[in-house]
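Note: the block below is query_26.cif and it holds mmCIF, C-alpha atoms.
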data_coords
#
loop_
_atom_site.label_atom_id
_atom_site.label_comp_id
_atom_site.auth_asym_id
_atom_site.auth_seq_id
_atom_site.Cartn_x
_atom_site.Cartn_y
_atom_site.Cartn_z
CA MET A 1 -15.88 1.13 28.80
CA HIS A 2 -18.49 -1.41 27.75
CA ASP A 3 -16.82 -4.17 29.70
CA PRO A 4 -19.19 -5.42 32.41
CA GLU A 5 -16.11 -6.32 34.51
CA HIS A 6 -15.17 -2.69 34.57
CA HIS A 7 -16.17 -1.58 38.07
CA HIS A 8 -15.57 2.12 37.87
CA ASP A 9 -18.46 4.19 39.03
CA GLU A 10 -19.56 5.23 35.59
CA HIS A 11 -22.81 3.44 34.94
CA GLU A 12 -25.01 6.49 34.99
CA HIS A 13 -22.73 8.44 32.67
CA SER A 14 -23.34 8.60 29.01
CA HIS A 15 -20.54 7.58 26.72
CA GLY A 16 -17.90 10.22 26.24
CA ALA A 17 -18.88 12.17 29.37
CA ASP A 18 -16.42 12.74 32.17
CA HIS A 19 -16.18 9.43 33.99
CA GLY A 20 -13.01 9.73 35.98
CA HIS A 21 -10.58 8.73 33.26
CA HIS A 22 -7.83 11.01 32.09
CA HIS A 23 -9.06 11.55 28.57
CA GLY A 24 -11.57 14.18 27.54
CA PRO A 25 -14.92 13.84 25.82
CA PHE A 26 -14.81 11.62 22.80
CA GLN A 27 -16.72 12.27 19.62
CA LYS A 28 -18.10 9.02 18.24
CA ASP A 29 -17.63 8.32 14.55
CA HIS A 30 -21.28 7.39 14.11
CA ASP A 31 -24.24 8.69 16.03
CA THR A 32 -26.58 5.82 15.34
CA GLY A 33 -26.59 2.27 16.55
CA PRO A 34 -24.55 0.53 19.21
CA ALA A 35 -20.78 0.44 18.90
CA GLY A 36 -19.42 -2.52 16.96
CA ALA A 37 -16.91 -4.95 18.47
CA TYR A 38 -13.91 -3.33 16.75
CA GLU A 39 -15.06 0.13 17.77
CA VAL A 40 -15.20 -1.00 21.41
CA LEU A 41 -11.79 -2.66 21.10
CA GLU A 42 -10.25 0.44 19.49
CA GLU A 43 -11.61 2.70 22.18
CA ALA A 44 -10.38 0.41 24.95
CA ILE A 45 -6.86 0.30 23.50
CA ARG A 46 -6.82 4.02 22.84
CA SER A 47 -8.00 4.77 26.38
CA LEU A 48 -5.29 2.51 27.81
CA LEU A 49 -2.56 4.09 25.68
CA ILE A 50 -3.63 7.53 26.89
CA GLU A 51 -3.97 6.46 30.53
CA LYS A 52 -0.55 4.85 30.50
CA GLY A 53 1.00 7.95 28.97
CA VAL A 54 2.16 6.19 25.81
CA LEU A 55 0.27 8.65 23.59
CA THR A 56 -1.67 11.80 24.26
CA ALA A 57 -5.11 12.56 22.89
CA GLN A 58 -3.52 15.54 21.12
CA GLU A 59 -1.04 13.27 19.33
CA ILE A 60 -3.85 10.99 18.20
CA ALA A 61 -5.90 13.94 16.98
CA ALA A 62 -2.85 15.33 15.14
CA GLN A 63 -2.35 11.99 13.38
CA VAL A 64 -6.03 11.85 12.39
CA ASP A 65 -5.71 15.39 11.02
CA LEU A 66 -2.57 14.42 9.09
CA MET A 67 -4.34 11.46 7.48
CA ASP A 68 -7.40 13.60 6.71
CA SER A 69 -5.15 16.10 4.94
CA ARG A 70 -3.96 13.39 2.53
CA THR A 71 -6.29 12.87 -0.40
CA PRO A 72 -5.91 11.64 -3.98
CA ALA A 73 -5.47 15.32 -4.95
CA LEU A 74 -1.95 15.07 -3.56
CA GLY A 75 -1.11 12.09 -5.77
CA ALA A 76 -2.74 13.83 -8.74
CA LYS A 77 -0.45 16.82 -8.24
CA VAL A 78 2.57 14.51 -8.35
CA VAL A 79 1.36 12.72 -11.50
CA ALA A 80 0.55 16.00 -13.27
CA ARG A 81 4.04 17.31 -12.52
CA ALA A 82 5.57 14.11 -13.88
CA TRP A 83 3.53 14.51 -17.09
CA VAL A 84 4.77 18.03 -17.77
CA ASP A 85 8.33 17.75 -16.45
CA PRO A 86 10.38 14.83 -17.85
CA GLY A 87 13.23 15.55 -15.42
CA PHE A 88 10.86 15.29 -12.45
CA LYS A 89 9.39 12.09 -13.87
CA ARG A 90 12.86 10.55 -14.12
CA ARG A 91 13.63 11.51 -10.54
CA LEU A 92 10.23 10.25 -9.35
CA LEU A 93 10.83 6.83 -10.90
CA LYS A 94 14.39 6.70 -9.59
CA ASP A 95 13.91 8.02 -6.03
CA THR A 96 10.27 8.69 -5.20
CA ARG A 97 10.97 10.02 -1.70
CA ALA A 98 13.46 12.64 -2.93
CA ALA A 99 11.22 13.70 -5.83
CA LEU A 100 8.24 14.13 -3.51
CA SER A 101 10.28 16.29 -1.17
CA GLU A 102 10.91 18.62 -4.14
CA LEU A 103 7.16 19.26 -4.07
CA GLY A 104 7.21 19.74 -0.31
CA ILE A 105 5.53 16.37 0.31
CA ASP A 106 6.79 14.51 3.36
CA ILE A 107 5.87 10.82 3.29
CA GLY A 108 7.22 10.02 6.74
CA THR A 109 9.55 7.19 7.62
CA LEU A 110 7.17 4.27 8.16
CA ALA A 111 7.47 3.01 4.60
CA GLU A 112 9.50 3.53 1.46
CA PHE A 113 7.78 4.53 -1.77
CA ARG A 114 8.20 3.39 -5.34
CA THR A 115 6.53 4.73 -8.46
CA VAL A 116 5.73 2.32 -11.29
CA GLU A 117 5.04 3.71 -14.73
CA ASN A 118 2.26 2.65 -17.03
CA THR A 119 3.31 2.59 -20.69
CA PRO A 120 1.69 1.43 -23.93
CA LYS A 121 3.35 -1.94 -23.18
CA VAL A 122 2.87 -2.34 -19.39
CA HIS A 123 -0.09 -1.74 -17.09
CA ASN A 124 0.61 -1.85 -13.36
CA VAL A 125 -1.92 -2.57 -10.63
CA ILE A 126 -1.39 -2.46 -6.88
CA VAL A 127 -2.74 -4.83 -4.26
CA CYS A 128 -1.79 -6.01 -0.78
CA THR A 129 -2.79 -9.63 -0.34
CA LEU A 130 -1.54 -9.86 3.26
CA CYS A 131 -3.44 -6.91 4.68
CA SER A 132 -4.23 -3.62 2.98
CA CYS A 133 -0.96 -1.69 2.57
CA TYR A 134 -1.72 1.44 0.56
CA PRO A 135 0.19 4.66 -0.30
CA LYS A 136 -1.83 6.58 2.31
CA MET A 137 0.67 9.40 2.56
CA LEU A 138 -0.09 10.24 -1.09
CA LEU A 139 -3.65 9.03 -1.64
CA GLY A 140 -5.22 9.22 1.81
CA ILE A 141 -7.52 6.58 3.27
CA PRO A 142 -8.02 3.61 0.90
CA PRO A 143 -11.43 2.81 -0.55
CA ALA A 144 -13.30 -0.03 1.18
CA TRP A 145 -12.99 -2.31 -1.84
CA TYR A 146 -9.18 -2.10 -1.71
CA LYS A 147 -9.33 -3.76 1.71
CA SER A 148 -11.91 -6.36 0.70
CA LEU A 149 -10.95 -10.01 0.63
CA ALA A 150 -12.34 -10.27 -2.92
CA TYR A 151 -10.06 -7.55 -4.36
CA ARG A 152 -7.02 -8.76 -2.43
CA SER A 153 -7.36 -12.39 -3.45
CA ARG A 154 -8.67 -12.02 -6.99
CA THR A 155 -6.27 -9.31 -8.20
CA VAL A 156 -3.28 -11.63 -8.00
CA ILE A 157 -4.86 -14.64 -9.69
CA ASP A 158 -7.15 -12.89 -12.21
CA PRO A 159 -5.99 -9.29 -12.63
CA ARG A 160 -7.53 -8.91 -16.07
CA GLY A 161 -10.90 -10.13 -14.81
CA VAL A 162 -10.79 -7.62 -11.94
CA LEU A 163 -9.70 -4.81 -14.27
CA THR A 164 -12.57 -5.59 -16.64
CA GLU A 165 -14.99 -5.15 -13.74
CA PHE A 166 -13.42 -1.72 -13.17
CA GLY A 167 -14.00 -0.90 -16.84
CA VAL A 168 -10.42 -1.40 -17.98
CA GLU A 169 -10.02 -3.72 -20.97
CA LEU A 170 -6.39 -4.24 -21.90
CA PRO A 171 -5.19 -5.76 -25.17
CA LYS A 172 -3.29 -9.05 -24.90
CA ASP A 173 -0.04 -7.42 -25.98
CA VAL A 174 -0.09 -5.12 -22.95
CA GLU A 175 1.69 -6.81 -20.06
CA VAL A 176 -0.25 -6.68 -16.79
CA CYS A 177 2.12 -6.40 -13.84
CA VAL A 178 0.55 -6.91 -10.42
CA HIS A 179 2.47 -5.46 -7.46
CA ASP A 180 1.72 -7.25 -4.22
CA SER A 181 2.98 -4.78 -1.61
CA THR A 182 3.93 -7.45 0.86
CA ALA A 183 6.52 -5.57 2.89
CA ASP A 184 8.02 -2.14 3.57
CA LEU A 185 7.35 -0.49 0.23
CA ARG A 186 4.28 1.37 -0.95
CA TYR A 187 3.53 1.73 -4.64
CA LEU A 188 2.12 4.55 -6.69
CA VAL A 189 1.08 3.97 -10.29
CA LEU A 190 2.08 6.72 -12.71
CA PRO A 191 -0.78 6.50 -15.22
CA MET A 192 -0.41 7.41 -18.89
CA ARG A 193 -1.25 10.93 -19.92
CA PRO A 194 -4.39 10.86 -22.05
CA LYS A 195 -4.56 12.18 -25.59
CA GLY A 196 -6.15 15.57 -26.17
CA THR A 197 -4.34 17.30 -23.30
CA ARG A 198 -1.53 19.01 -25.17
CA GLY A 199 -0.74 22.38 -23.65
CA TRP A 200 -2.84 21.74 -20.54
CA SER A 201 -1.65 23.26 -17.29
CA GLU A 202 -0.61 21.08 -14.36
CA ALA A 203 -3.80 22.06 -12.48
CA GLU A 204 -5.98 21.16 -15.47
CA LEU A 205 -4.21 17.84 -15.88
CA ALA A 206 -4.49 17.09 -12.16
CA SER A 207 -8.27 17.49 -12.39
CA LEU A 208 -8.39 14.48 -14.77
CA ILE A 209 -6.38 12.16 -12.54
CA THR A 210 -8.46 9.81 -10.43
CA ARG A 211 -7.56 7.85 -7.32
CA ASP A 212 -8.15 4.55 -9.10
CA SER A 213 -5.79 5.49 -11.92
CA MET A 214 -3.01 5.75 -9.33
CA ILE A 215 -3.89 2.32 -7.93
CA GLY A 216 -3.99 0.91 -11.45
CA THR A 217 -7.66 -0.07 -11.51
CA ALA A 218 -8.44 2.70 -13.98
CA VAL A 219 -6.79 4.58 -16.81
CA VAL A 220 -7.02 8.35 -17.07
CA ALA A 221 -9.74 9.07 -19.60
CA PRO A 222 -9.20 11.70 -22.30
CA PRO A 223 -11.09 14.92 -21.51
CA SER A 224 -13.59 14.54 -24.36
CA GLU A 225 -14.50 10.98 -23.43
CA PRO A 226 -15.74 10.55 -19.89
CA ALA A 227 -15.02 7.13 -18.39
CA SER A 228 -18.73 6.39 -18.21
CA ARG A 229 -19.12 6.71 -21.96
CA GLU A 230 -16.11 4.50 -22.59
CA ARG A 231 -17.58 1.87 -20.32
CA ALA A 232 -20.95 2.01 -22.03
CA ALA A 233 -19.29 1.54 -25.41
CA SER A 234 -17.14 -1.44 -24.43
CA MET B 1 7.09 7.79 24.56
CA VAL B 2 6.53 4.71 22.48
CA LYS B 3 9.49 3.68 20.37
CA ARG B 4 8.75 3.90 16.69
CA TRP B 5 11.35 1.92 14.81
CA GLU B 6 12.26 3.13 11.40
CA ARG B 7 11.74 0.12 9.22
CA ARG B 8 14.70 0.83 6.99
CA ALA B 9 17.78 -0.39 8.82
CA VAL B 10 21.06 1.47 8.71
CA LYS B 11 23.08 -1.49 7.61
CA PRO B 12 22.46 -5.15 6.93
CA ALA B 13 23.96 -7.92 9.01
CA THR B 14 25.63 -9.22 5.86
CA ALA B 15 26.00 -8.12 2.25
CA ALA B 16 23.08 -8.85 -0.05
CA ARG B 17 23.19 -12.49 -1.12
CA PHE B 18 21.42 -11.99 -4.44
CA THR B 19 21.68 -9.44 -7.20
CA ARG B 20 19.36 -8.26 -9.91
CA GLY B 21 18.69 -10.99 -12.45
CA ASP B 22 19.33 -13.92 -10.07
CA ARG B 23 16.79 -16.71 -10.20
CA VAL B 24 15.42 -17.38 -6.73
CA ARG B 25 12.94 -19.78 -5.16
CA VAL B 26 10.73 -18.74 -2.28
CA ALA B 27 11.09 -21.16 0.62
CA ALA B 28 8.10 -23.48 1.03
CA ARG B 29 8.36 -23.73 4.80
CA PRO B 30 5.40 -23.10 7.06
CA VAL B 31 5.72 -20.49 9.77
CA LEU B 32 4.00 -19.83 13.06
CA GLY B 33 3.20 -16.21 13.78
CA HIS B 34 3.58 -13.09 11.71
CA CYS B 35 5.37 -13.17 8.39
CA ARG B 36 5.22 -11.17 5.16
CA THR B 37 5.66 -14.01 2.66
CA PRO B 38 2.29 -14.85 1.08
CA TRP B 39 1.31 -18.51 0.88
CA TYR B 40 0.71 -18.39 -2.86
CA LEU B 41 4.38 -17.55 -3.53
CA ARG B 42 5.92 -20.25 -1.35
CA GLY B 43 7.88 -22.75 -3.38
CA LYS B 44 7.61 -20.56 -6.50
CA THR B 45 10.55 -19.43 -8.61
CA GLY B 46 11.12 -15.91 -9.88
CA VAL B 47 13.84 -13.42 -10.74
CA VAL B 48 15.29 -10.67 -8.54
CA ALA B 49 14.09 -7.42 -10.11
CA ALA B 50 15.55 -5.04 -7.51
CA VAL B 51 17.48 -5.05 -4.26
CA HIS B 52 15.63 -2.72 -1.88
CA GLY B 53 18.26 -2.90 0.88
CA PRO B 54 18.08 -3.81 4.55
CA PHE B 55 14.92 -3.50 6.61
CA ARG B 56 14.15 -4.52 10.16
CA ASP B 57 12.75 -8.03 10.29
CA PRO B 58 8.93 -7.83 10.40
CA GLU B 59 8.75 -11.29 11.95
CA LEU B 60 10.43 -9.81 15.04
CA LEU B 61 8.94 -6.30 14.87
CA ALA B 62 5.50 -7.90 15.13
CA TYR B 63 6.41 -9.03 18.64
CA HIS B 64 7.85 -5.69 19.77
CA LYS B 65 11.44 -6.73 19.21
CA PRO B 66 13.86 -4.32 17.51
CA GLY B 67 13.83 -6.45 14.37
CA LEU B 68 17.55 -7.10 14.22
CA PRO B 69 19.46 -8.50 12.47
CA ALA B 70 18.00 -6.60 9.55
CA ARG B 71 17.00 -8.54 6.44
CA VAL B 72 17.74 -7.52 2.89
CA LEU B 73 14.48 -6.99 1.02
CA TYR B 74 14.14 -7.85 -2.67
CA LYS B 75 11.61 -7.21 -5.36
CA VAL B 76 11.02 -10.59 -6.98
CA ARG B 77 9.32 -10.87 -10.34
CA PHE B 78 7.28 -13.95 -11.18
CA LYS B 79 5.60 -15.05 -14.38
CA GLN B 80 1.89 -15.35 -13.67
CA GLY B 81 1.90 -18.64 -15.55
CA ASP B 82 4.38 -20.04 -13.00
CA LEU B 83 2.19 -19.14 -10.03
CA TRP B 84 -1.17 -20.63 -10.83
CA GLY B 85 -2.34 -23.93 -12.22
CA ARG B 86 -4.17 -22.23 -15.03
CA TYR B 87 -3.63 -18.53 -15.43
CA LEU B 88 -6.19 -17.10 -17.81
CA GLY B 89 -4.18 -14.14 -19.17
CA PRO B 90 -1.30 -14.00 -21.65
CA ALA B 91 2.07 -15.59 -20.81
CA SER B 92 3.70 -12.15 -20.65
CA ASP B 93 1.73 -11.12 -17.52
CA GLN B 94 3.84 -10.70 -14.39
CA LEU B 95 3.53 -10.37 -10.65
CA GLU B 96 6.03 -8.65 -8.39
CA ALA B 97 6.28 -8.96 -4.62
CA ASP B 98 8.75 -7.82 -1.97
CA ILE B 99 10.40 -10.79 -0.24
CA TYR B 100 13.00 -10.83 2.55
CA GLU B 101 16.29 -12.60 1.97
CA HIS B 102 15.80 -15.36 4.55
CA TRP B 103 12.85 -16.58 2.49
CA LEU B 104 14.86 -16.88 -0.74
CA GLU B 105 17.01 -19.74 -2.02
CA PRO B 106 19.10 -19.82 -5.21
CA ALA B 107 17.27 -21.47 -8.12
CA LYS B 108 18.34 -22.70 -11.52
#

Transcribe the structure of this file into structure tokens.
Amino acid sequence: MHDPEHHHDEHEHSHGADHGHHHGPFQKDHDTGPAGAYEVLEEAIRSLLIEKGVLTAQEIAAQVDLMDSRTPALGAKVVARAWVDPGFKRRLLKDTRAALSELGIDIGTLAEFRTVENTPKVHNVIVCTLCSCYPKMLLGIPPAWYKSLAYRSRTVIDPRGVLTEFGVELPKDVEVCVHDSTADLRYLVLPMRPKGTRGWSEAELASLITRDSMIGTAVVAPPSEPASRERAAS
Amino acid sequence: MVKRWERRAVKPATAARFTRGDRVRVAARPVLGHCRTPWYLRGKTGVVAAVHGPFRDPELLAYHKPGLPARVLYKVRFKQGDLWGRYLGPASDQLEADIYEHWLEPAK
């Protein structure tokens, strides 16, 4: 639409108004400032896909809605269940897809899932050095830092340094295992259940579980010790 | 409608060449175009930690091909100390990555 070579009679129309194309009005992500290069590129490709009948605007909106419905709360529900139900935990570690379907969670067919368990001896952390593969179907849209070149490159060569910056100090006798999700699998970290939560309900437990703890850049703090206080003390 | 390939293939072209516990070396060859083998693992030796099964070849999928023959995908476990000139953490630290069979060679 911003292409000066584009000779449709649309110059007097504001962006998103009816300008003779087949798609309807389009709500911009941001109201301020001119569109960035990638925004222009995305809109051009999306418009072409719709015009050529490859996708409909409804299908795109449905996919956006699906992704918006996925948040770390979904992952937290899975982790909380694994903490209270040893049978579920076993099944989750053995066949994540099947265990998730027990909870009514459909992770689609674009990638396989694996769950890796943190123990007193092993701490797992997830990264994708090639791009930014992330367990979106369980945790939603990744944080910006997960996609940053700094996180992606430094986590593989200096995981303990990166973890320290996140406030996680691990003793030397705890093995750090970095998972570079290079291919068709997505990884979920099953964090350790904190002390002081005996008898807690699944919903109460889930409220403690953070997004970062399921990426492996945090541990789940005990209820009486907020993470901020732990960080201040270390 | 656009064709959305399921990445997991129904069956591999051949049986898996490696099994859990095998020592493998990642090929050090350069490649033009899309591939899912990170540079920092090329030429490095690790151990097969799991056989994930056959998946359509991402090096072909990237160019809108069906991605066949499928490639067996492995989880390969490396010692951090074997990957970097000077790894700062303890020798027990590990790194795991998913590598397709055509990038793996037997190692001693």

Quiz prompt | Interface list for chain B, partner chain A, 6 Å threshold, all atoms listed in the file, as a PyMOL selection string | solution = chain B and resi 1-2+36+92-98

Explicit residues for the PyMOL selection byres ((chain A and resi 193) around 10) (as a PDB file with C-alpha atoms, in the frame of the given file):
ATOM      1  CA  VAL A  79       1.360  12.720 -11.500  1.00  0.00           C
ATOM      2  CA  ALA A  80       0.550  16.000 -13.270  1.00  0.00           C
ATOM      3  CA  ALA A  82       5.570  14.110 -13.880  1.00  0.00           C
ATOM      4  CA  TRP A  83       3.530  14.510 -17.090  1.00  0.00           C
ATOM      5  CA  VAL A  84       4.770  18.030 -17.770  1.00  0.00           C
ATOM      6  CA  ASN A 118       2.260   2.650 -17.030  1.00  0.00           C
ATOM      7  CA  THR A 119       3.310   2.590 -20.690  1.00  0.00           C
ATOM      8  CA  LEU A 190       2.080   6.720 -12.710  1.00  0.00           C
ATOM      9  CA  PRO A 191      -0.780   6.500 -15.220  1.00  0.00           C
ATOM     10  CA  MET A 192      -0.410   7.410 -18.890  1.00  0.00           C
ATOM     11  CA  PRO A 194      -4.390  10.860 -22.050  1.00  0.00           C
ATOM     12  CA  LYS A 195      -4.560  12.180 -25.590  1.00  0.00           C
ATOM     13  CA  GLY A 196      -6.150  15.570 -26.170  1.00  0.00           C
ATOM     14  CA  THR A 197      -4.340  17.300 -23.300  1.00  0.00           C
ATOM     15  CA  ARG A 198      -1.530  19.010 -25.170  1.00  0.00           C
ATOM     16  CA  LEU A 205      -4.210  17.840 -15.880  1.00  0.00           C
ATOM     17  CA  LEU A 208      -8.390  14.480 -14.770  1.00  0.00           C
ATOM     18  CA  ILE A 209      -6.380  12.160 -12.540  1.00  0.00           C
ATOM     19  CA  VAL A 219      -6.790   4.580 -16.810  1.00  0.00           C
ATOM     20  CA  VAL A 220      -7.020   8.350 -17.070  1.00  0.00           C
ATOM     21  CA  ALA A 221      -9.740   9.070 -19.600  1.00  0.00           C
ATOM     22  CA  PRO A 222      -9.200  11.700 -22.300  1.00  0.00           C
TER      23      PRO A 222
END

Reference answer for the PyMOL selection byres ((chain A and resi 57-67) around 10), as a PDB file with C-alpha atoms, keeping the file's coordinate frame:
ATOM      1  CA  HIS A  22      -7.830  11.010  32.090  1.00  0.00           C
ATOM      2  CA  HIS A  23      -9.060  11.550  28.570  1.00  0.00           C
ATOM      3  CA  GLY A  24     -11.570  14.180  27.540  1.00  0.00           C
ATOM      4  CA  PHE A  26     -14.810  11.620  22.800  1.00  0.00           C
ATOM      5  CA  ARG A  46      -6.820   4.020  22.840  1.00  0.00           C
ATOM      6  CA  SER A  47      -8.000   4.770  26.380  1.00  0.00           C
ATOM      7  CA  LEU A  49      -2.560   4.090  25.680  1.00  0.00           C
ATOM      8  CA  ILE A  50      -3.630   7.530  26.890  1.00  0.00           C
ATOM      9  CA  GLU A  51      -3.970   6.460  30.530  1.00  0.00           C
ATOM     10  CA  GLY A  53       1.000   7.950  28.970  1.00  0.00           C
ATOM     11  CA  LEU A  55       0.270   8.650  23.590  1.00  0.00           C
ATOM     12  CA  THR A  56      -1.670  11.800  24.260  1.00  0.00           C
ATOM     13  CA  ASP A  68      -7.400  13.600   6.710  1.00  0.00           C
ATOM     14  CA  SER A  69      -5.150  16.100   4.940  1.00  0.00           C
ATOM     15  CA  ARG A  70      -3.960  13.390   2.530  1.00  0.00           C
ATOM     16  CA  THR A  71      -6.290  12.870  -0.400  1.00  0.00           C
ATOM     17  CA  LYS A 136      -1.830   6.580   2.310  1.00  0.00           C
ATOM     18  CA  MET A 137       0.670   9.400   2.560  1.00  0.00           C
ATOM     19  CA  LEU A 138      -0.090  10.240  -1.090  1.00  0.00           C
ATOM     20  CA  LEU A 139      -3.650   9.030  -1.640  1.00  0.00           C
ATOM     21  CA  GLY A 140      -5.220   9.220   1.810  1.00  0.00           C
ATOM     22  CA  ILE A 141      -7.520   6.580   3.270  1.00  0.00           C
TER      23      ILE A 141
END

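Considering only C-alpha atoms, the residue among B:Gly81, B:Gly43, B:Gly33, B:Pro58 positioned nearest to Tyr100 in chain B is B:Pro58.
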
Quiz item: In terms of the shortest atom-to-atom distance over only C-alpha atoms, which of B:Val26, B:Ala15, B:Cys35, B:Ala50 is closest to Tyr63 in chain B?
Solution: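 The shortest atom-to-atom distance to Tyr63 in chain B comes from B:Cys35.
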
Practice problem: Quote the spacing between CA of Leu100 in chain A and CA of Ala76 in chain A in Å to one decimal place. | Solution: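 Those two atoms sit 12.2 Å apart.
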
Quiz item: CA of Val116 in chain A to CA of Ala28 in chain B: how many Å, to one decimal?
Solution: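 Here the two named atoms are 28.7 Å from each other.
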
Practice problem: Figure out the distance between CA of Pro38 in chain B and CA of Leu83 in chain B, please, to one decimal in Å. | Solution: 11.9 Å

Quiz item: Which one of A:Gly104, A:Arg152, A:Thr217, A:Thr115 sits closest to Glu169 in chain A if you count only C-alpha atoms?
Solution: A:Thr217

Practice problem: Run the PyMOL selection byres ((chain B and resi 53) around 7) on the file and write out the hits as a ChimeraX atom specification. | Solution: /B:51-52,54-55,72-73

Quiz prompt | Surrounding residues of Val24 in chain B excluding itself and chain neighbours under 4 positions, 12 Å, all atoms listed in the file, as a list in words | solution =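 Here the answer would be Arg17, Phe18, Thr19, Arg20, Leu41, Arg42, Gly43, Lys44, Thr45, Gly46, Val47, Val48, Ala49, Tyr74, Lys75, Val76, Arg77, Phe78, Ile99, Tyr100, Glu101, His102, Trp103, Leu104, Glu105, Pro106, Ala107 and Lys108 of chain B.
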
Can you give me N, CA and C atoms for range 53-64 of chain B, written as a PDB file, keeping the file's coordinate frame?
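Output below, filename result19.pdb:
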ATOM      1  N   GLY B  53      17.399  -3.224  -0.259  1.00  0.00           N
ATOM      2  CA  GLY B  53      18.260  -2.900   0.880  1.00  0.00           C
ATOM      3  C   GLY B  53      17.709  -3.468   2.171  1.00  0.00           C
ATOM      4  N   PRO B  54      18.442  -3.186   3.268  1.00  0.00           N
ATOM      5  CA  PRO B  54      18.080  -3.810   4.550  1.00  0.00           C
ATOM      6  C   PRO B  54      16.894  -3.144   5.239  1.00  0.00           C
ATOM      7  N   PHE B  55      16.042  -3.971   5.804  1.00  0.00           N
ATOM      8  CA  PHE B  55      14.920  -3.500   6.610  1.00  0.00           C
ATOM      9  C   PHE B  55      14.843  -4.343   7.874  1.00  0.00           C
ATOM     10  N   ARG B  56      14.332  -3.754   8.927  1.00  0.00           N
ATOM     11  CA  ARG B  56      14.150  -4.520  10.160  1.00  0.00           C
ATOM     12  C   ARG B  56      13.194  -5.675   9.900  1.00  0.00           C
ATOM     13  N   ASP B  57      13.465  -6.787  10.542  1.00  0.00           N
ATOM     14  CA  ASP B  57      12.750  -8.030  10.290  1.00  0.00           C
ATOM     15  C   ASP B  57      11.311  -7.942  10.834  1.00  0.00           C
ATOM     16  N   PRO B  58      10.314  -7.980   9.934  1.00  0.00           N
ATOM     17  CA  PRO B  58       8.930  -7.830  10.400  1.00  0.00           C
ATOM     18  C   PRO B  58       8.472  -8.987  11.281  1.00  0.00           C
ATOM     19  N   GLU B  59       9.140 -10.138  11.151  1.00  0.00           N
ATOM     20  CA  GLU B  59       8.750 -11.290  11.950  1.00  0.00           C
ATOM     21  C   GLU B  59       9.128 -11.084  13.417  1.00  0.00           C
ATOM     22  N   LEU B  60      10.056 -10.159  13.657  1.00  0.00           N
ATOM     23  CA  LEU B  60      10.430  -9.810  15.040  1.00  0.00           C
ATOM     24  C   LEU B  60       9.722  -8.528  15.480  1.00  0.00           C
ATOM     25  N   LEU B  61       9.628  -7.560  14.543  1.00  0.00           N
ATOM     26  CA  LEU B  61       8.940  -6.300  14.870  1.00  0.00           C
ATOM     27  C   LEU B  61       7.522  -6.566  15.361  1.00  0.00           C
ATOM     28  N   ALA B  62       6.893  -7.594  14.779  1.00  0.00           N
ATOM     29  CA  ALA B  62       5.500  -7.900  15.130  1.00  0.00           C
ATOM     30  C   ALA B  62       5.363  -8.235  16.605  1.00  0.00           C
ATOM     31  N   TYR B  63       6.459  -8.640  17.219  1.00  0.00           N
ATOM     32  CA  TYR B  63       6.410  -9.030  18.640  1.00  0.00           C
ATOM     33  C   TYR B  63       7.186  -8.047  19.504  1.00  0.00           C
ATOM     34  N   HIS B  64       7.247  -6.798  19.002  1.00  0.00           N
ATOM     35  CA  HIS B  64       7.850  -5.690  19.770  1.00  0.00           C
ATOM     36  C   HIS B  64       9.333  -5.868  20.024  1.00  0.00           C
TER      37      HIS B  64
END
